[in-house]
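Chemist: Data: target.pdb, PDB, N, CA and C atoms.
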```pdb
ATOM      1  N   MET A   1      68.702 -34.320  91.437
ATOM      2  CA  MET A   1      69.693 -33.775  90.553
ATOM      3  C   MET A   1      70.609 -34.893  90.082
ATOM      4  N   ASP A   2      71.287 -34.682  88.994
ATOM      5  CA  ASP A   2      72.164 -35.705  88.442
ATOM      6  C   ASP A   2      73.368 -35.948  89.351
ATOM      7  N   ASN A   3      73.760 -37.199  89.433
ATOM      8  CA  ASN A   3      74.932 -37.584  90.204
ATOM      9  C   ASN A   3      76.181 -37.191  89.406
ATOM     10  N   PRO A   4      77.084 -36.384  89.977
ATOM     11  CA  PRO A   4      78.268 -35.979  89.240
ATOM     12  C   PRO A   4      79.258 -37.121  88.992
ATOM     13  N   SER A   5      79.159 -38.206  89.775
ATOM     14  CA  SER A   5      80.060 -39.354  89.607
ATOM     15  C   SER A   5      79.272 -40.657  89.661
ATOM     16  N   PRO A   6      78.421 -40.924  88.673
ATOM     17  CA  PRO A   6      77.579 -42.131  88.742
ATOM     18  C   PRO A   6      78.366 -43.436  88.623
ATOM     19  N   ASP A   7      79.581 -43.377  88.102
ATOM     20  CA  ASP A   7      80.379 -44.588  87.934
ATOM     21  C   ASP A   7      81.170 -44.942  89.196
ATOM     22  N   ARG A   8      81.113 -44.099  90.211
ATOM     23  CA  ARG A   8      81.851 -44.301  91.452
ATOM     24  C   ARG A   8      80.895 -44.659  92.579
ATOM     25  N   ASP A   9      81.237 -45.676  93.364
ATOM     26  CA  ASP A   9      80.426 -46.043  94.530
ATOM     27  C   ASP A   9      80.890 -45.252  95.740
ATOM     28  N   TYR A  10      79.971 -44.519  96.347
ATOM     29  CA  TYR A  10      80.254 -43.787  97.571
ATOM     30  C   TYR A  10      78.964 -43.683  98.366
ATOM     31  N   THR A  11      79.098 -43.387  99.639
ATOM     32  CA  THR A  11      77.952 -43.322 100.533
ATOM     33  C   THR A  11      77.678 -41.871 100.908
ATOM     34  N   VAL A  12      76.399 -41.506 100.905
ATOM     35  CA  VAL A  12      75.974 -40.182 101.333
ATOM     36  C   VAL A  12      75.279 -40.339 102.681
ATOM     37  N   ASP A  13      75.731 -39.565 103.672
ATOM     38  CA  ASP A  13      75.119 -39.557 104.999
ATOM     39  C   ASP A  13      74.510 -38.190 105.247
ATOM     40  N   ILE A  14      73.228 -38.177 105.587
ATOM     41  CA  ILE A  14      72.522 -36.933 105.878
ATOM     42  C   ILE A  14      71.893 -37.072 107.264
ATOM     43  N   SER A  15      72.113 -36.076 108.099
ATOM     44  CA  SER A  15      71.495 -36.055 109.418
ATOM     45  C   SER A  15      70.652 -34.794 109.526
ATOM     46  N   PHE A  16      69.421 -34.961 109.989
ATOM     47  CA  PHE A  16      68.502 -33.838 110.124
ATOM     48  C   PHE A  16      67.985 -33.815 111.561
ATOM     49  N   PRO A  17      68.707 -33.103 112.465
ATOM     50  CA  PRO A  17      68.325 -33.137 113.879
ATOM     51  C   PRO A  17      67.150 -32.247 114.254
ATOM     52  N   GLU A  18      66.678 -31.403 113.356
ATOM     53  CA  GLU A  18      65.604 -30.462 113.689
ATOM     54  C   GLU A  18      64.226 -30.957 113.276
ATOM     55  N   PHE A  19      64.052 -32.249 113.059
ATOM     56  CA  PHE A  19      62.787 -32.771 112.569
ATOM     57  C   PHE A  19      61.713 -32.711 113.658
ATOM     58  N   THR A  20      60.568 -32.142 113.314
ATOM     59  CA  THR A  20      59.421 -32.151 114.214
ATOM     60  C   THR A  20      58.252 -32.819 113.496
ATOM     61  N   CYS A  21      57.466 -33.549 114.246
ATOM     62  CA  CYS A  21      56.321 -34.251 113.673
ATOM     63  C   CYS A  21      55.190 -34.228 114.687
ATOM     64  N   LEU A  22      54.042 -34.698 114.271
ATOM     65  CA  LEU A  22      52.892 -34.798 115.165
ATOM     66  C   LEU A  22      52.694 -36.257 115.547
ATOM     67  N   CYS A  23      52.487 -36.491 116.823
ATOM     68  CA  CYS A  23      52.200 -37.839 117.291
ATOM     69  C   CYS A  23      50.814 -38.232 116.787
ATOM     70  N   PRO A  24      50.696 -39.354 116.063
ATOM     71  CA  PRO A  24      49.387 -39.753 115.544
ATOM     72  C   PRO A  24      48.386 -40.100 116.647
ATOM     73  N   ARG A  25      48.875 -40.489 117.787
ATOM     74  CA  ARG A  25      47.982 -40.879 118.875
ATOM     75  C   ARG A  25      47.462 -39.671 119.652
ATOM     76  N   SER A  26      48.373 -38.749 120.054
ATOM     77  CA  SER A  26      47.968 -37.626 120.899
ATOM     78  C   SER A  26      47.780 -36.319 120.131
ATOM     79  N   GLY A  27      48.420 -36.204 118.977
ATOM     80  CA  GLY A  27      48.359 -34.964 118.220
ATOM     81  C   GLY A  27      49.343 -33.910 118.699
ATOM     82  N   TYR A  28      50.116 -34.236 119.744
ATOM     83  CA  TYR A  28      51.111 -33.303 120.261
ATOM     84  C   TYR A  28      52.374 -33.336 119.404
ATOM     85  N   PRO A  29      53.119 -32.243 119.398
ATOM     86  CA  PRO A  29      54.368 -32.235 118.639
ATOM     87  C   PRO A  29      55.394 -33.182 119.255
ATOM     88  N   ASP A  30      56.187 -33.751 118.399
ATOM     89  CA  ASP A  30      57.253 -34.652 118.812
ATOM     90  C   ASP A  30      58.504 -34.237 118.058
ATOM     91  N   PHE A  31      59.663 -34.582 118.579
ATOM     92  CA  PHE A  31      60.927 -34.180 117.982
ATOM     93  C   PHE A  31      61.778 -35.412 117.734
ATOM     94  N   ALA A  32      62.527 -35.382 116.644
ATOM     95  CA  ALA A  32      63.348 -36.538 116.288
ATOM     96  C   ALA A  32      64.514 -36.090 115.424
ATOM     97  N   THR A  33      65.451 -36.999 115.251
ATOM     98  CA  THR A  33      66.544 -36.811 114.317
ATOM     99  C   THR A  33      66.378 -37.844 113.215
ATOM    100  N   ILE A  34      66.403 -37.388 111.983
ATOM    101  CA  ILE A  34      66.314 -38.299 110.841
ATOM    102  C   ILE A  34      67.721 -38.499 110.299
ATOM    103  N   ALA A  35      68.099 -39.751 110.128
ATOM    104  CA  ALA A  35      69.395 -40.096 109.550
ATOM    105  C   ALA A  35      69.147 -40.874 108.267
ATOM    106  N   VAL A  36      69.755 -40.424 107.189
ATOM    107  CA  VAL A  36      69.611 -41.073 105.885
ATOM    108  C   VAL A  36      71.003 -41.454 105.398
ATOM    109  N   ARG A  37      71.153 -42.702 104.996
ATOM    110  CA  ARG A  37      72.415 -43.172 104.414
ATOM    111  C   ARG A  37      72.068 -43.942 103.142
ATOM    112  N   TYR A  38      72.671 -43.540 102.031
ATOM    113  CA  TYR A  38      72.407 -44.240 100.784
ATOM    114  C   TYR A  38      73.596 -44.134  99.843
ATOM    115  N   THR A  39      73.617 -45.015  98.852
ATOM    116  CA  THR A  39      74.614 -44.991  97.783
ATOM    117  C   THR A  39      73.900 -44.556  96.524
ATOM    118  N   PRO A  40      74.191 -43.362  96.029
ATOM    119  CA  PRO A  40      73.471 -42.854  94.861
ATOM    120  C   PRO A  40      73.845 -43.605  93.586
ATOM    121  N   ASP A  41      72.909 -43.602  92.661
ATOM    122  CA  ASP A  41      73.150 -44.222  91.366
ATOM    123  C   ASP A  41      73.155 -43.118  90.311
ATOM    124  N   LYS A  42      72.071 -42.982  89.585
ATOM    125  CA  LYS A  42      72.004 -41.976  88.524
ATOM    126  C   LYS A  42      71.730 -40.580  89.073
ATOM    127  N   TYR A  43      70.954 -40.508  90.166
ATOM    128  CA  TYR A  43      70.585 -39.225  90.763
ATOM    129  C   TYR A  43      71.035 -39.167  92.216
ATOM    130  N   ILE A  44      71.120 -37.952  92.726
ATOM    131  CA  ILE A  44      71.498 -37.726  94.114
ATOM    132  C   ILE A  44      70.487 -36.741  94.719
ATOM    133  N   VAL A  45      70.199 -36.905  95.995
ATOM    134  CA  VAL A  45      69.231 -36.041  96.665
ATOM    135  C   VAL A  45      69.870 -34.672  96.919
ATOM    136  N   GLU A  46      69.145 -33.624  96.572
ATOM    137  CA  GLU A  46      69.609 -32.275  96.865
ATOM    138  C   GLU A  46      69.278 -31.976  98.320
ATOM    139  N   LEU A  47      70.281 -31.656  99.119
ATOM    140  CA  LEU A  47      70.123 -31.475 100.552
ATOM    141  C   LEU A  47      69.133 -30.361 100.894
ATOM    142  N   LYS A  48      69.206 -29.244 100.216
ATOM    143  CA  LYS A  48      68.310 -28.127 100.499
ATOM    144  C   LYS A  48      66.852 -28.518 100.246
ATOM    145  N   SER A  49      66.585 -29.231  99.171
ATOM    146  CA  SER A  49      65.220 -29.670  98.865
ATOM    147  C   SER A  49      64.691 -30.631  99.926
ATOM    148  N   LEU A  50      65.538 -31.545 100.369
ATOM    149  CA  LEU A  50      65.129 -32.492 101.405
ATOM    150  C   LEU A  50      64.796 -31.767 102.699
ATOM    151  N   LYS A  51      65.638 -30.829 103.113
ATOM    152  CA  LYS A  51      65.380 -30.080 104.348
ATOM    153  C   LYS A  51      64.117 -29.238 104.234
ATOM    154  N   LEU A  52      63.885 -28.610 103.093
ATOM    155  CA  LEU A  52      62.660 -27.837 102.904
ATOM    156  C   LEU A  52      61.429 -28.735 102.964
ATOM    157  N   TYR A  53      61.510 -29.910 102.365
ATOM    158  CA  TYR A  53      60.388 -30.852 102.401
ATOM    159  C   TYR A  53      60.093 -31.283 103.839
ATOM    160  N   LEU A  54      61.137 -31.606 104.586
ATOM    161  CA  LEU A  54      60.932 -32.094 105.952
ATOM    162  C   LEU A  54      60.453 -31.003 106.906
ATOM    163  N   THR A  55      60.828 -29.762 106.680
ATOM    164  CA  THR A  55      60.406 -28.692 107.581
ATOM    165  C   THR A  55      59.046 -28.124 107.209
ATOM    166  N   ASN A  56      58.573 -28.357 105.990
ATOM    167  CA  ASN A  56      57.303 -27.775 105.558
ATOM    168  C   ASN A  56      56.182 -28.788 105.418
ATOM    169  N   SER A  57      56.376 -29.983 105.931
ATOM    170  CA  SER A  57      55.305 -30.970 105.824
ATOM    171  C   SER A  57      54.800 -31.335 107.212
ATOM    172  N   GLU A  58      53.513 -31.543 107.297
ATOM    173  CA  GLU A  58      52.902 -31.941 108.562
ATOM    174  C   GLU A  58      52.771 -33.458 108.561
ATOM    175  N   ILE A  59      53.801 -34.105 109.050
ATOM    176  CA  ILE A  59      53.882 -35.555 109.016
ATOM    177  C   ILE A  59      53.493 -36.110 110.384
ATOM    178  N   SER A  60      52.627 -37.117 110.384
ATOM    179  CA  SER A  60      52.326 -37.857 111.609
ATOM    180  C   SER A  60      53.096 -39.162 111.532
ATOM    181  N   ILE A  61      53.919 -39.402 112.542
ATOM    182  CA  ILE A  61      54.809 -40.561 112.472
ATOM    183  C   ILE A  61      55.110 -41.065 113.887
ATOM    184  N   TYR A  62      55.337 -42.366 114.005
ATOM    185  CA  TYR A  62      55.839 -42.927 115.236
ATOM    186  C   TYR A  62      57.348 -43.083 115.076
ATOM    187  N   PRO A  63      58.164 -42.218 115.690
ATOM    188  CA  PRO A  63      59.602 -42.399 115.579
ATOM    189  C   PRO A  63      60.043 -43.662 116.306
ATOM    190  N   THR A  64      60.929 -44.411 115.705
ATOM    191  CA  THR A  64      61.454 -45.631 116.329
ATOM    192  C   THR A  64      62.965 -45.622 116.222
ATOM    193  N   ASN A  65      63.585 -46.342 117.101
ATOM    194  CA  ASN A  65      65.031 -46.497 117.050
ATOM    195  C   ASN A  65      65.348 -47.781 116.306
ATOM    196  N   PRO A  66      66.395 -47.766 115.464
ATOM    197  CA  PRO A  66      66.752 -48.996 114.721
ATOM    198  C   PRO A  66      67.327 -50.051 115.624
TER     199      PRO A  66
END
```
Give the structure from the file, written as structure tokens.
Modeler:
Amino acid sequence: MDNPSPDRDYTVDISFPEFTCLCPRSGYPDFATIAVRYTPDKYIVELKSLKLYLTNSEISIYPTNP
């Protein structure tokens, strides 16, 4: 969606603690928290769309700590 303030620099922090994924090695479910931090430019991520994408996709991932 369009950024309502594209001329202003600000940070968006999104935390998604309910993320579940499949372990690529074992195939068992795994749980993680996804943290996203970004500075939007022309567009901004719609939170509802991001959460729907993350809850409805079967992602195989190795979660790592930064």
Chemist: What separation in Å, quoted to one decimal, exists between CA of Asp13 in chain A and CA of Thr39 in chain A?
Modeler: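 A separation of 9.0 Å between them.
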Chemist: For Ala35 in chain A, find every residue with an atom within 10 Å (counting only C-alpha atoms), except residues of its own chain fewer than 3 positions away, and show them as a list in words.
Modeler: Asp13, Ile14, Ser15, Phe16, Pro17 and Ala32 of chain A
Chemist: Please return as a VMD selection string: the residues of chain A that backbone DSSP assigns to alpha helix (DSSP H).
Modeler: chain A and resid 47 to 55
Chemist: Could you check how far CA of Asn56 in chain A sits from atom C of Tyr28 in chain A, in Å to one decimal?
Modeler: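 Calculated distance between CA of Asn56 in chain A and atom C of Tyr28 in chain A is 15.7 Å.
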Chemist: I would like the residues chosen by the PyMOL selection byres ((chain A and resi 40) around 8) on the shown file; could you give them as a ChimeraX atom specification?
Modeler: /A:3,5-12,37-39,41-45
Chemist: Considering all atoms listed in the file, state which residue in the set A:Thr33, A:Leu52, A:Met1, A:Glu46 is at the smallest distance from Thr20 in chain A.
Modeler: A:Thr33
Chemist: From the set A:Pro29, A:Pro24, A:Glu18, A:Pro4, which residue has the shortest atom-to-atom contact distance to Leu54 in chain A, counting only N, CA and C atoms?
Modeler: A:Glu18
